[in-house]
>>> print(open('work31.tsv').read())   # TSV, C-alpha atoms and all ligand atoms
chain	number	residue	atom	x	y	z
A	4	MET	CA	-0.81	-23.65	16.26
A	5	SER	CA	-3.90	-21.55	15.62
A	6	ASN	CA	-6.01	-21.46	12.50
A	7	LYS	CA	-4.92	-19.11	9.79
A	8	ILE	CA	-6.35	-15.60	9.82
A	9	PRO	CA	-5.95	-14.23	6.31
A	10	PHE	CA	-5.39	-10.58	5.59
A	11	ASN	CA	-8.47	-10.29	3.37
A	12	LYS	CA	-11.41	-12.50	2.47
A	13	PRO	CA	-14.04	-11.76	-0.19
A	14	PHE	CA	-17.59	-11.96	1.15
A	15	ILE	CA	-21.24	-12.28	0.20
A	16	VAL	CA	-23.79	-10.26	2.14
A	17	GLY	CA	-27.11	-10.54	0.28
A	18	LYS	CA	-28.47	-11.50	-3.11
A	19	GLU	CA	-25.17	-11.53	-5.06
A	20	LEU	CA	-25.61	-15.00	-6.57
A	21	TYR	CA	-29.32	-14.54	-7.21
A	22	TYR	CA	-28.69	-11.30	-9.10
A	23	ILE	CA	-25.94	-12.95	-11.15
A	24	ALA	CA	-28.46	-15.60	-12.17
A	25	GLN	CA	-30.99	-12.87	-12.99
A	26	SER	CA	-28.42	-11.07	-15.09
A	27	VAL	CA	-27.58	-14.21	-17.06
A	28	LEU	CA	-31.26	-15.04	-17.56
A	29	SER	CA	-31.97	-11.49	-18.75
A	30	GLY	CA	-30.04	-12.36	-21.91
A	31	LYS	CA	-27.63	-9.42	-21.65
A	32	ILE	CA	-24.39	-9.93	-19.78
A	33	ALA	CA	-22.22	-7.45	-21.69
A	34	GLY	CA	-21.72	-3.92	-20.38
A	35	ASP	CA	-24.44	-1.39	-19.52
A	36	GLY	CA	-27.14	-3.98	-18.80
A	37	LEU	CA	-29.81	-3.80	-16.10
A	38	TYR	CA	-27.50	-4.06	-13.06
A	39	THR	CA	-24.88	-1.62	-14.36
A	40	LYS	CA	-27.66	0.96	-14.69
A	41	LYS	CA	-28.95	0.15	-11.21
A	42	CYS	CA	-25.46	0.65	-9.73
A	43	ASN	CA	-24.91	3.92	-11.62
A	44	SER	CA	-28.26	5.29	-10.41
A	45	PHE	CA	-27.61	4.09	-6.87
A	46	PHE	CA	-24.48	6.24	-6.63
A	47	GLU	CA	-26.05	9.21	-8.37
A	48	GLU	CA	-29.02	9.18	-5.99
A	49	MET	CA	-27.33	8.08	-2.74
A	50	PHE	CA	-24.13	10.09	-3.09
A	51	GLY	CA	-25.53	13.09	-4.97
A	52	ALA	CA	-23.06	12.52	-7.81
A	53	ARG	CA	-23.82	14.21	-11.12
A	54	LYS	CA	-22.91	11.22	-13.31
A	55	VAL	CA	-21.53	7.81	-12.36
A	56	LEU	CA	-20.37	5.16	-14.83
A	57	LEU	CA	-19.20	1.74	-13.73
A	58	THR	CA	-15.80	0.68	-15.07
A	59	HIS	CA	-13.96	-2.61	-14.85
A	60	SER	CA	-11.53	-1.14	-12.26
A	61	CYS	CA	-10.50	2.02	-10.50
A	62	THR	CA	-7.39	1.88	-12.67
A	63	ALA	CA	-9.65	2.19	-15.74
A	64	ALA	CA	-11.52	5.10	-14.16
A	65	LEU	CA	-8.22	6.88	-13.46
A	66	GLU	CA	-7.12	6.31	-17.08
A	67	MET	CA	-10.40	7.84	-18.25
A	68	ALA	CA	-9.83	10.79	-15.90
A	69	ALA	CA	-6.38	11.41	-17.38
A	70	ILE	CA	-7.84	11.44	-20.90
A	71	LEU	CA	-10.72	13.72	-19.85
A	72	CYS	CA	-8.33	16.21	-18.25
A	73	GLY	CA	-6.55	16.39	-21.60
A	74	ILE	CA	-3.16	15.34	-20.27
A	75	GLU	CA	-0.45	15.76	-22.90
A	76	LYS	CA	3.26	15.07	-22.84
A	77	GLY	CA	4.97	17.34	-20.34
A	78	ASP	CA	1.85	18.35	-18.41
A	79	GLU	CA	2.42	18.12	-14.67
A	80	VAL	CA	0.28	16.17	-12.23
A	81	ILE	CA	0.63	16.57	-8.45
A	82	LEU	CA	0.07	13.42	-6.39
A	83	PRO	CA	1.36	11.62	-3.31
A	84	SER	CA	4.20	9.11	-3.63
A	85	PHE	CA	2.50	7.07	-0.92
A	86	THR	CA	-0.22	5.46	-3.05
A	87	PHE	CA	-1.10	2.52	-5.25
A	88	VAL	CA	0.69	2.46	-8.61
A	89	SER	CA	-2.47	3.11	-10.66
A	90	THR	CA	-2.85	6.65	-9.29
A	91	ALA	CA	0.44	7.45	-11.03
A	92	ASN	CA	0.35	5.12	-14.03
A	93	ALA	CA	-2.94	6.46	-15.39
A	94	PHE	CA	-1.37	9.91	-15.89
A	95	TYR	CA	2.12	8.62	-16.75
A	96	LEU	CA	0.57	6.62	-19.61
A	97	ARG	CA	-0.55	9.90	-21.20
A	98	GLY	CA	2.93	11.41	-20.92
A	99	ALA	CA	2.46	13.43	-17.74
A	100	LYS	CA	5.37	14.48	-15.59
A	101	LEU	CA	4.62	13.25	-12.08
A	102	ILE	CA	5.24	15.73	-9.27
A	103	PHE	CA	5.16	13.84	-5.98
A	104	VAL	CA	4.51	15.48	-2.62
A	105	ASP	CA	4.95	14.14	0.89
A	106	ILE	CA	2.16	12.95	3.21
A	107	ARG	CA	0.97	14.03	6.66
A	108	PRO	CA	2.13	11.78	9.50
A	109	ASP	CA	-1.32	11.77	11.16
A	110	THR	CA	-3.53	10.63	8.24
A	111	LEU	CA	-0.95	9.49	5.64
A	112	ASN	CA	-2.84	11.70	3.18
A	113	MET	CA	-1.14	14.14	0.82
A	114	ASP	CA	0.20	17.07	2.87
A	115	GLU	CA	-1.94	19.95	1.61
A	116	THR	CA	0.62	22.50	2.82
A	117	LYS	CA	3.14	21.09	0.31
A	118	ILE	CA	0.93	21.35	-2.78
A	119	GLU	CA	1.10	25.01	-3.73
A	120	GLN	CA	4.91	25.07	-3.87
A	121	ALA	CA	4.72	22.19	-6.37
A	122	VAL	CA	2.47	24.13	-8.79
A	123	THR	CA	4.10	25.45	-11.99
A	124	ASP	CA	2.67	26.82	-15.25
A	125	ARG	CA	2.66	23.24	-16.61
A	126	THR	CA	0.52	21.88	-13.75
A	127	LYS	CA	-2.84	20.54	-14.91
A	128	VAL	CA	-4.21	18.22	-12.22
A	129	ILE	CA	-4.02	17.55	-8.47
A	130	VAL	CA	-4.79	13.96	-7.47
A	131	PRO	CA	-5.65	13.62	-3.77
A	132	VAL	CA	-5.82	10.00	-2.59
A	133	HIS	CA	-8.16	9.45	0.36
A	134	TYR	CA	-6.06	6.97	2.28
A	135	ALA	CA	-7.90	4.35	4.34
A	136	GLY	CA	-11.23	6.07	3.64
A	137	VAL	CA	-10.29	9.24	5.54
A	138	ALA	CA	-10.55	12.41	3.46
A	139	CYS	CA	-7.70	14.66	2.42
A	140	GLU	CA	-7.99	18.36	3.39
A	141	MET	CA	-10.33	19.04	0.46
A	142	ASP	CA	-11.15	22.69	1.27
A	143	THR	CA	-7.48	23.63	0.95
A	144	ILE	CA	-6.95	21.44	-2.12
A	145	MET	CA	-10.01	22.84	-3.95
A	146	ALA	CA	-8.96	26.40	-3.12
A	147	ILE	CA	-5.48	25.84	-4.61
A	148	ALA	CA	-7.06	24.23	-7.69
A	149	HIS	CA	-9.42	27.19	-8.23
A	150	LYS	CA	-6.66	29.73	-7.73
A	151	HIS	CA	-4.43	28.09	-10.37
A	152	SER	CA	-7.21	26.74	-12.67
A	153	LEU	CA	-6.31	23.08	-12.09
A	154	PHE	CA	-8.48	19.99	-12.26
A	155	VAL	CA	-8.93	17.83	-9.17
A	156	VAL	CA	-9.24	14.06	-9.62
A	157	GLU	CA	-10.02	12.34	-6.32
A	158	ASP	CA	-8.66	8.82	-6.11
A	159	ALA	CA	-11.45	7.56	-3.84
A	160	ALA	CA	-10.65	3.87	-4.47
A	161	GLN	CA	-10.58	3.43	-0.69
A	162	GLY	CA	-13.14	6.12	0.07
A	163	VAL	CA	-16.47	4.78	-1.21
A	164	ASN	CA	-19.25	5.86	1.20
A	165	ALA	CA	-16.91	8.03	3.30
A	166	LYS	CA	-17.48	11.77	3.72
A	167	TYR	CA	-15.68	15.09	4.13
A	168	LYS	CA	-17.75	17.80	5.85
A	169	GLY	CA	-20.92	15.94	4.85
A	170	GLN	CA	-19.98	15.41	1.19
A	171	PHE	CA	-19.28	11.96	-0.21
A	172	LEU	CA	-15.68	11.39	-1.28
A	173	GLY	CA	-15.37	11.29	-5.04
A	174	THR	CA	-18.09	13.94	-5.47
A	175	ILE	CA	-15.98	16.96	-4.47
A	176	GLY	CA	-13.37	17.29	-7.25
A	177	ASP	CA	-13.99	17.53	-11.02
A	178	ILE	CA	-13.79	13.74	-11.21
A	179	GLY	CA	-13.70	10.94	-8.63
A	180	THR	CA	-12.78	7.28	-8.97
A	181	PHE	CA	-13.97	4.23	-7.00
A	182	SER	CA	-12.68	0.66	-6.70
A	183	PHE	CA	-14.70	-2.51	-6.09
A	184	HIS	CA	-11.67	-4.79	-6.08
A	185	GLU	CA	-12.09	-7.71	-3.69
A	186	THR	CA	-9.89	-5.98	-1.10
A	187	LYS	CA	-12.11	-2.87	-0.92
A	188	ASN	CA	-15.26	-2.19	1.15
A	189	PHE	CA	-17.86	-3.01	-1.51
A	190	ILE	CA	-16.70	-5.62	-3.95
A	191	SER	CA	-17.30	-7.31	-7.28
A	192	GLY	CA	-13.93	-9.06	-7.67
A	193	GLU	CA	-12.58	-6.48	-10.08
A	194	GLY	CA	-14.59	-3.31	-10.57
A	195	GLY	CA	-14.67	0.44	-10.34
A	196	ALA	CA	-16.53	3.60	-11.27
A	197	ILE	CA	-15.84	7.07	-12.55
A	198	VAL	CA	-17.75	9.89	-10.88
A	199	ILE	CA	-18.16	12.96	-13.08
A	200	ASN	CA	-18.89	16.13	-11.14
A	201	ASN	CA	-17.77	18.65	-13.75
A	202	ALA	CA	-20.65	18.53	-16.26
A	203	LYS	CA	-18.42	19.40	-19.20
A	204	PHE	CA	-16.86	15.93	-19.00
A	205	ILE	CA	-20.06	13.86	-19.13
A	206	ASP	CA	-20.54	13.38	-22.89
A	207	ARG	CA	-16.88	12.65	-23.54
A	208	ALA	CA	-16.68	10.21	-20.60
A	209	GLU	CA	-19.41	8.08	-22.21
A	210	ILE	CA	-17.53	8.10	-25.50
A	211	ILE	CA	-14.10	7.25	-24.06
A	212	ARG	CA	-15.61	4.36	-22.09
A	213	GLU	CA	-17.27	2.96	-25.25
A	214	LYS	CA	-14.14	2.56	-27.40
A	215	GLY	CA	-14.25	6.14	-28.65
A	216	THR	CA	-17.73	5.74	-30.13
A	217	ASN	CA	-21.01	7.54	-29.48
A	218	ARG	CA	-22.77	4.21	-28.84
A	219	SER	CA	-24.27	5.38	-25.51
A	220	LYS	CA	-26.19	8.13	-27.33
A	221	PHE	CA	-27.27	5.56	-29.95
A	222	PHE	CA	-28.65	3.19	-27.28
A	223	ARG	CA	-30.63	6.05	-25.78
A	224	GLY	CA	-32.10	6.74	-29.22
A	225	GLU	CA	-30.52	10.21	-29.44
A	226	ILE	CA	-28.79	9.42	-32.76
A	227	ASP	CA	-29.65	6.84	-35.44
A	228	LYS	CA	-26.22	5.29	-35.95
A	229	TYR	CA	-23.02	5.21	-33.99
A	230	THR	CA	-19.48	5.72	-35.14
A	231	TRP	CA	-15.88	6.42	-34.15
A	232	VAL	CA	-15.67	9.98	-32.82
A	233	ASP	CA	-12.74	10.17	-30.35
A	234	ILE	CA	-9.95	8.18	-28.69
A	235	GLY	CA	-11.14	5.61	-26.16
A	236	SER	CA	-10.96	2.07	-24.94
A	237	SER	CA	-13.24	-0.58	-23.45
A	238	TYR	CA	-13.71	0.45	-19.85
A	239	LEU	CA	-17.12	-1.02	-19.02
A	240	PRO	CA	-17.61	-4.15	-16.89
A	241	SER	CA	-19.77	-7.16	-17.67
A	242	ASP	CA	-23.25	-6.85	-16.18
A	243	ILE	CA	-22.52	-10.06	-14.21
A	244	LEU	CA	-20.06	-8.09	-12.07
A	245	ALA	CA	-22.54	-5.23	-11.69
A	246	ALA	CA	-25.12	-7.78	-10.49
A	247	PHE	CA	-22.74	-8.90	-7.73
A	248	LEU	CA	-21.95	-5.29	-6.83
A	249	TYR	CA	-25.59	-4.23	-6.69
A	250	ALA	CA	-26.32	-6.80	-3.98
A	251	GLN	CA	-23.45	-5.30	-1.97
A	252	LEU	CA	-24.76	-1.77	-2.46
A	253	GLU	CA	-28.17	-2.85	-1.16
A	254	ASN	CA	-26.31	-3.69	2.07
A	255	ILE	CA	-24.10	-0.62	2.19
A	256	GLY	CA	-25.23	0.34	5.72
A	257	LYS	CA	-24.76	-3.17	7.08
A	258	ILE	CA	-21.26	-3.43	5.60
A	259	ASN	CA	-20.32	-0.03	6.98
A	260	SER	CA	-21.53	-0.73	10.52
A	261	ARG	CA	-19.75	-4.10	10.58
A	262	ARG	CA	-16.51	-2.42	9.53
A	263	LYS	CA	-16.97	0.29	12.15
A	264	ARG	CA	-17.37	-2.41	14.80
A	265	LEU	CA	-14.18	-4.17	13.65
A	266	ASN	CA	-12.34	-0.85	13.62
A	267	ASP	CA	-13.55	0.17	17.08
A	268	PHE	CA	-12.57	-3.20	18.53
A	269	TYR	CA	-8.99	-2.96	17.27
A	270	SER	CA	-8.80	0.66	18.46
A	271	ARG	CA	-10.10	-0.12	21.92
A	272	GLU	CA	-7.80	-3.11	22.41
A	273	LEU	CA	-4.68	-1.35	21.16
A	274	ILE	CA	-5.08	2.05	22.85
A	275	PRO	CA	-3.10	0.93	25.95
A	276	LEU	CA	-0.13	0.04	23.71
A	277	ALA	CA	-0.46	3.41	21.97
A	278	ASN	CA	-0.52	5.15	25.34
A	279	ASP	CA	2.66	3.26	26.28
A	280	GLY	CA	4.30	4.64	23.13
A	281	LYS	CA	4.64	1.19	21.53
A	282	LEU	CA	2.62	2.04	18.44
A	283	GLN	CA	0.62	4.79	16.76
A	284	LEU	CA	-3.06	4.40	15.82
A	285	PRO	CA	-4.93	5.99	12.86
A	286	ASN	CA	-6.32	9.48	13.31
A	287	ILE	CA	-9.75	10.48	12.01
A	288	ALA	CA	-10.40	14.23	12.09
A	289	SER	CA	-13.86	15.32	13.24
A	290	GLU	CA	-14.85	16.69	9.79
A	291	CYS	CA	-14.16	13.28	8.23
A	292	GLN	CA	-16.62	10.39	8.31
A	293	SER	CA	-14.58	7.25	7.65
A	294	ASN	CA	-15.76	4.13	5.86
A	295	TYR	CA	-13.21	2.14	7.91
A	296	HIS	CA	-11.50	0.84	4.82
A	297	LEU	CA	-8.44	-0.51	6.57
A	298	PHE	CA	-6.82	-0.68	9.98
A	299	TYR	CA	-3.16	0.15	10.28
A	300	ILE	CA	-0.68	0.60	13.10
A	301	ILE	CA	2.61	2.50	12.95
A	302	LEU	CA	5.53	0.90	14.75
A	303	GLU	CA	8.64	2.54	16.14
A	304	ASP	CA	10.93	1.46	13.31
A	305	GLU	CA	11.29	-0.97	10.40
A	306	LYS	CA	12.93	-3.64	12.53
A	307	THR	CA	10.05	-3.70	15.02
A	308	ARG	CA	7.47	-3.70	12.19
A	309	ASN	CA	9.11	-6.66	10.47
A	310	ALA	CA	9.57	-8.54	13.74
A	311	LEU	CA	5.89	-8.08	14.62
A	312	MET	CA	4.81	-9.08	11.11
A	313	ASP	CA	6.93	-12.27	11.35
A	314	TYR	CA	5.67	-13.00	14.85
A	315	LEU	CA	2.04	-12.71	13.74
A	316	LYS	CA	2.74	-14.89	10.71
A	317	SER	CA	4.25	-17.59	12.92
A	318	ASN	CA	0.91	-17.53	14.75
A	319	GLY	CA	-1.05	-17.93	11.51
A	320	ILE	CA	-2.04	-14.25	11.32
A	321	PHE	CA	-1.40	-12.42	8.07
A	322	ALA	CA	-0.64	-8.73	8.48
A	323	VAL	CA	0.80	-6.85	5.50
A	324	PHE	CA	2.36	-3.51	4.64
A	325	HIS	CA	2.27	-1.05	1.74
A	326	TYR	CA	3.30	1.08	-0.17
A	327	ILE	CA	6.79	1.00	-1.56
A	328	PRO	CA	6.94	4.79	-2.18
A	329	LEU	CA	6.49	5.43	-5.90
A	330	HIS	CA	9.37	7.93	-6.03
A	331	ILE	CA	11.88	5.23	-5.05
A	332	SER	CA	10.35	2.48	-7.20
A	333	PRO	CA	12.36	1.59	-10.34
A	334	VAL	CA	10.09	3.82	-12.45
A	335	GLY	CA	10.22	6.68	-9.93
A	336	LEU	CA	14.03	6.52	-9.78
A	337	SER	CA	14.15	6.57	-13.60
A	338	MET	CA	12.30	9.92	-13.44
A	339	GLY	CA	15.15	11.34	-11.38
A	340	TYR	CA	13.65	11.00	-7.92
A	341	SER	CA	15.87	9.74	-5.11
A	342	GLU	CA	15.71	8.44	-1.58
A	343	GLY	CA	15.39	11.07	1.14
A	344	GLN	CA	13.13	13.43	-0.81
A	345	PHE	CA	9.90	12.60	1.04
A	346	PRO	CA	10.85	11.71	4.61
A	347	VAL	CA	7.35	11.12	6.01
A	348	THR	CA	6.40	8.85	3.10
A	349	GLU	CA	9.64	6.86	3.46
A	350	SER	CA	9.34	6.57	7.22
A	351	MET	CA	5.67	5.48	7.20
A	352	SER	CA	6.26	2.99	4.42
A	353	VAL	CA	8.70	0.96	6.54
A	354	ARG	CA	6.85	1.35	9.87
A	355	LEU	CA	3.24	0.66	8.80
A	356	LEU	CA	1.44	-2.64	9.34
A	357	ARG	CA	-2.12	-3.43	8.22
A	358	LEU	CA	-4.06	-5.86	10.39
A	359	PRO	CA	-6.48	-8.48	9.01
A	360	PHE	CA	-9.68	-6.59	8.18
A	361	TYR	CA	-12.68	-7.96	6.29
A	362	PHE	CA	-16.45	-8.22	6.62
A	363	ASP	CA	-16.46	-11.83	7.90
A	364	LEU	CA	-13.66	-11.33	10.46
A	365	LYS	CA	-14.89	-12.98	13.68
A	366	GLN	CA	-14.54	-11.46	17.12
A	367	GLU	CA	-12.51	-14.53	18.28
A	368	GLU	CA	-10.14	-13.90	15.40
A	369	GLN	CA	-9.81	-10.23	16.25
A	370	ILE	CA	-9.07	-11.17	19.86
A	371	GLU	CA	-6.38	-13.54	18.63
A	372	VAL	CA	-4.81	-10.72	16.61
A	373	THR	CA	-4.82	-8.19	19.45
A	374	GLU	CA	-3.67	-10.74	22.07
A	375	SER	CA	-0.79	-11.74	19.81
A	376	ILE	CA	0.24	-8.12	19.41
A	377	LYS	CA	0.13	-7.63	23.20
A	378	LYS	CA	2.17	-10.80	23.73
A	379	PHE	CA	4.74	-9.60	21.20
A	380	PHE	CA	5.23	-6.36	23.10
A	381	LYS	CA	5.43	-8.17	26.44
A	382	ASN	CA	8.49	-10.05	25.18
A	383	HIS	CA	9.90	-7.29	23.03
B	1	LIG	C1	-7.15	-0.23	-4.99
B	1	LIG	C2	-6.65	1.08	-5.41
B	1	LIG	C3	-6.59	1.46	-6.77
B	1	LIG	C4	-6.83	0.49	-7.89
B	1	LIG	O1	-8.09	-0.08	-7.89
B	1	LIG	P1	-8.43	-1.22	-8.96
B	1	LIG	O2	-9.92	-1.27	-8.91
B	1	LIG	O3	-7.78	-2.48	-8.45
B	1	LIG	O4	-7.90	-0.81	-10.27
B	1	LIG	C5	-6.20	2.74	-7.08
B	1	LIG	N1	-5.89	3.63	-6.12
B	1	LIG	C6	-5.92	3.31	-4.81
B	1	LIG	C7	-5.57	4.35	-3.80
B	1	LIG	C8	-6.29	2.02	-4.42
B	1	LIG	O5	-6.31	1.71	-3.11
>>> encode(input="work31.tsv", output="structure tokens")
Amino acid sequence: MSNKIPFNKPFIVGKELYYIAQSVLSGKIAGDGLYTKKCNSFFEEMFGARKVLLTHSCTAALEMAAILCGIEKGDEVILPSFTFVSTANAFYLRGAKLIFVDIRPDTLNMDETKIEQAVTDRTKVIVPVHYAGVACEMDTIMAIAHKHSLFVVEDAAQGVNAKYKGQFLGTIGDIGTFSFHETKNFISGEGGAIVINNAKFIDRAEIIREKGTNRSKFFRGEIDKYTWVDIGSSYLPSDILAAFLYAQLENIGKINSRRKRLNDFYSRELIPLANDGKLQLPNIASECQSNYHLFYIILEDEKTRNALMDYLKSNGIFAVFHYIPLHISPVGLSMGYSEGQFPVTESMSVRLLRLPFYFDLKQEEQIEVTESIKKFFKNH
């Protein structure tokens, strides 16, 4: 019996613990301390983002986005069903009607050719989700948004440091959102950021994030007292988390090249099985620069996927799948959606398998994973 290879493992790459100590010793560990500001500036300068504010999660950033877009009961939001629940919940919380569209079989991103037929006079926002750190067809999506005067909120939870035609994901739409959850590329345990590209949202974003007060302006000395001016919540993280994150950002290139190496190894080892028609590998279009967020394979059918998953597990290797399509979740069904409406989403959901993928994954471990997969297909 081999050692266990987990699906994910949080990692330290530089001065994380030192910066946490620095943050504590600075005497300010609440939100918007020294390291939060360093992280915000890092993204603004490195990614060319107009305004970046750390949040305690990508979920929080998406909730802020829904408020900023002015979502009211009955407004329609177009999004994929194949995504994490927060993409939907953030808008559903504000009373939006969710209009799901199917995904493309090659990238598992929202199928841009299905968006325009979903637009009505109640549509307010399109939410492309950059699956696995590979961009959606943003030129098409932005053109549809301009034509119909819609906002675009990019869920770039998985797309931090990835690009589309040279532009960083999250900086293309009106708003972008990032995640630094421990399963993502750059981590702080829980964490996220909202990227504001449409300048008209900047002032209100600061207010919503600070409990509906104009405290950010007060701290900058722009006003002499702060007060309740709008709806809002507490969306800012402790500076201790920002300290951890900043050390990761200082090593953004190192993290990216390690992930590329892990990705290329899996690809290289599994191409023969793909050529034999046993499985399908991810596709990265030439205009997309991936951040190698995750590595997935698509199996022939659900039975093969589950058998392979069980086989790997019996060898101590933890491979997982996602997502249960939102339209056939209990909440999706309660909205009137039903099985069969989004065939690509439903098919991919039962055939997809994610392989162990994390910064500290060793080459011996990767070999164990790929050899196990080959052995499975030899006997299958
Ligand atoms: C991880 C993820 C989120 C949620 O991120 P949190 O930081 O955990 O709130 C949202 N959307 C997508 C597509 C994700 O992968």
>>> closest_residue(input="work31.tsv", among="A:Ala91, A:Ile118, A:Ala310, A:Cys291", to="ligand LIG 1 (chain B)", atoms="only C-alpha atoms and all ligand atoms")
A:Ala91
>>> residues_near_point(input="work31.tsv", point="(-27.1, 8.5, -24.1)", cutoff="12 Å", atoms="all atoms listed in the file", output="PDB file with C-alpha atoms, in the coordinates of the input")
ATOM      1  CA  ASP A  35     -24.440  -1.390 -19.520  1.00  0.00           C
ATOM      2  CA  LYS A  54     -22.910  11.220 -13.310  1.00  0.00           C
ATOM      3  CA  LEU A  56     -20.370   5.160 -14.830  1.00  0.00           C
ATOM      4  CA  ILE A 205     -20.060  13.860 -19.130  1.00  0.00           C
ATOM      5  CA  ASP A 206     -20.540  13.380 -22.890  1.00  0.00           C
ATOM      6  CA  ARG A 207     -16.880  12.650 -23.540  1.00  0.00           C
ATOM      7  CA  ALA A 208     -16.680  10.210 -20.600  1.00  0.00           C
ATOM      8  CA  GLU A 209     -19.410   8.080 -22.210  1.00  0.00           C
ATOM      9  CA  ILE A 210     -17.530   8.100 -25.500  1.00  0.00           C
ATOM     10  CA  GLU A 213     -17.270   2.960 -25.250  1.00  0.00           C
ATOM     11  CA  THR A 216     -17.730   5.740 -30.130  1.00  0.00           C
ATOM     12  CA  ASN A 217     -21.010   7.540 -29.480  1.00  0.00           C
ATOM     13  CA  ARG A 218     -22.770   4.210 -28.840  1.00  0.00           C
ATOM     14  CA  SER A 219     -24.270   5.380 -25.510  1.00  0.00           C
ATOM     15  CA  LYS A 220     -26.190   8.130 -27.330  1.00  0.00           C
ATOM     16  CA  PHE A 221     -27.270   5.560 -29.950  1.00  0.00           C
ATOM     17  CA  PHE A 222     -28.650   3.190 -27.280  1.00  0.00           C
ATOM     18  CA  ARG A 223     -30.630   6.050 -25.780  1.00  0.00           C
ATOM     19  CA  GLY A 224     -32.100   6.740 -29.220  1.00  0.00           C
ATOM     20  CA  GLU A 225     -30.520  10.210 -29.440  1.00  0.00           C
ATOM     21  CA  ILE A 226     -28.790   9.420 -32.760  1.00  0.00           C
ATOM     22  CA  ASP A 227     -29.650   6.840 -35.440  1.00  0.00           C
ATOM     23  CA  TYR A 229     -23.020   5.210 -33.990  1.00  0.00           C
TER      24      TYR A 229
END
>>> closest_residue(input="work31.tsv", among="A:Asp109, A:Glu185, A:Asp177, A:Glu47", to="ligand LIG 1 (chain B)", atoms="all atoms listed in the file")
A:Glu185
>>> closest_atom_pairs(input="work31.tsv", of="chain A", to="ligand LIG 1 (chain B)", cutoff="8 Å", atoms="only C-alpha atoms and all ligand atoms", output="Markdown table")
| residue | atom | partner | partner_atom | distance |
| --- | --- | --- | --- | --- |
| A:His59 | CA | B:LIG1 | O2 | 7.3 |
| A:Ser60 | CA | B:LIG1 | O2 | 3.7 |
| A:Cys61 | CA | B:LIG1 | O2 | 3.7 |
| A:Thr62 | CA | B:LIG1 | O4 | 3.6 |
| A:Ala63 | CA | B:LIG1 | O4 | 6.5 |
| A:Ala64 | CA | B:LIG1 | O4 | 7.9 |
| A:Leu65 | CA | B:LIG1 | C5 | 7.9 |
| A:Thr86 | CA | B:LIG1 | C7 | 5.5 |
| A:Phe87 | CA | B:LIG1 | C6 | 4.9 |
| A:Val88 | CA | B:LIG1 | C5 | 7.1 |
| A:Ser89 | CA | B:LIG1 | C5 | 5.2 |
| A:Thr90 | CA | B:LIG1 | N1 | 5.3 |
| A:Val132 | CA | B:LIG1 | C7 | 5.8 |
| A:His133 | CA | B:LIG1 | C7 | 7.1 |
| A:Tyr134 | CA | B:LIG1 | C7 | 6.6 |
| A:Asp158 | CA | B:LIG1 | N1 | 5.9 |
| A:Ala159 | CA | B:LIG1 | C7 | 6.7 |
| A:Ala160 | CA | B:LIG1 | C8 | 4.7 |
| A:Gln161 | CA | B:LIG1 | O5 | 5.2 |
| A:Phe181 | CA | B:LIG1 | O2 | 7.1 |
| A:Ser182 | CA | B:LIG1 | O2 | 4.0 |
| A:Phe183 | CA | B:LIG1 | O2 | 5.7 |
| A:His184 | CA | B:LIG1 | O2 | 4.8 |
| A:Thr186 | CA | B:LIG1 | C1 | 7.5 |
| A:Lys187 | CA | B:LIG1 | C1 | 6.9 |
| A:Glu193 | CA | B:LIG1 | O2 | 6.0 |
| A:Gly194 | CA | B:LIG1 | O2 | 5.4 |
| A:Gly195 | CA | B:LIG1 | O2 | 5.2 |
>>> atom_distance(input="work31.tsv", atom1="CA of Ile81 in chain A", atom2="CA of Ile144 in chain A")
11.0 Å
>>> closest_residue(input="work31.tsv", among="A:Ser236, A:Asn11, A:Gln344, A:Gln251", to="Leu297 in chain A", atoms="all atoms listed in the file")
A:Asn11
>>> residues_around(input="work31.tsv", residues="Ile70 in chain A", least_positions_apart="3", cutoff="9 Å", atoms="only C-alpha atoms", output="NGL selection string")
:A and (65-67 or 73-75 or 93-94 or 97 or 208 or 211 or 234-235)
>>> write_last_selection(input="work31.tsv", atoms="C-alpha atoms", output="mmCIF file, in the frame of the given file")
data_model
loop_
_atom_site.group_PDB
_atom_site.id
_atom_site.type_symbol
_atom_site.label_atom_id
_atom_site.label_comp_id
_atom_site.auth_asym_id
_atom_site.auth_seq_id
_atom_site.Cartn_x
_atom_site.Cartn_y
_atom_site.Cartn_z
ATOM 1 C CA LEU A 65 -8.220 6.880 -13.460
ATOM 2 C CA GLU A 66 -7.120 6.310 -17.080
ATOM 3 C CA MET A 67 -10.400 7.840 -18.250
ATOM 4 C CA GLY A 73 -6.550 16.390 -21.600
ATOM 5 C CA ILE A 74 -3.160 15.340 -20.270
ATOM 6 C CA GLU A 75 -0.450 15.760 -22.900
ATOM 7 C CA ALA A 93 -2.940 6.460 -15.390
ATOM 8 C CA PHE A 94 -1.370 9.910 -15.890
ATOM 9 C CA ARG A 97 -0.550 9.900 -21.200
ATOM 10 C CA ALA A 208 -16.680 10.210 -20.600
ATOM 11 C CA ILE A 211 -14.100 7.250 -24.060
ATOM 12 C CA ILE A 234 -9.950 8.180 -28.690
ATOM 13 C CA GLY A 235 -11.140 5.610 -26.160
#
>>> closest_residue(input="work31.tsv", among="A:Asp363, A:Ala148, A:Thr180, A:Ser237", to="Pro13 in chain A", atoms="only C-alpha atoms")
A:Asp363
>>> residues_around(input="work31.tsv", residues="Thr58 in chain A", least_positions_apart="5", cutoff="6 Å", atoms="only C-alpha atoms", output="PyMOL selection string")
chain A and resi 195-196+238-240
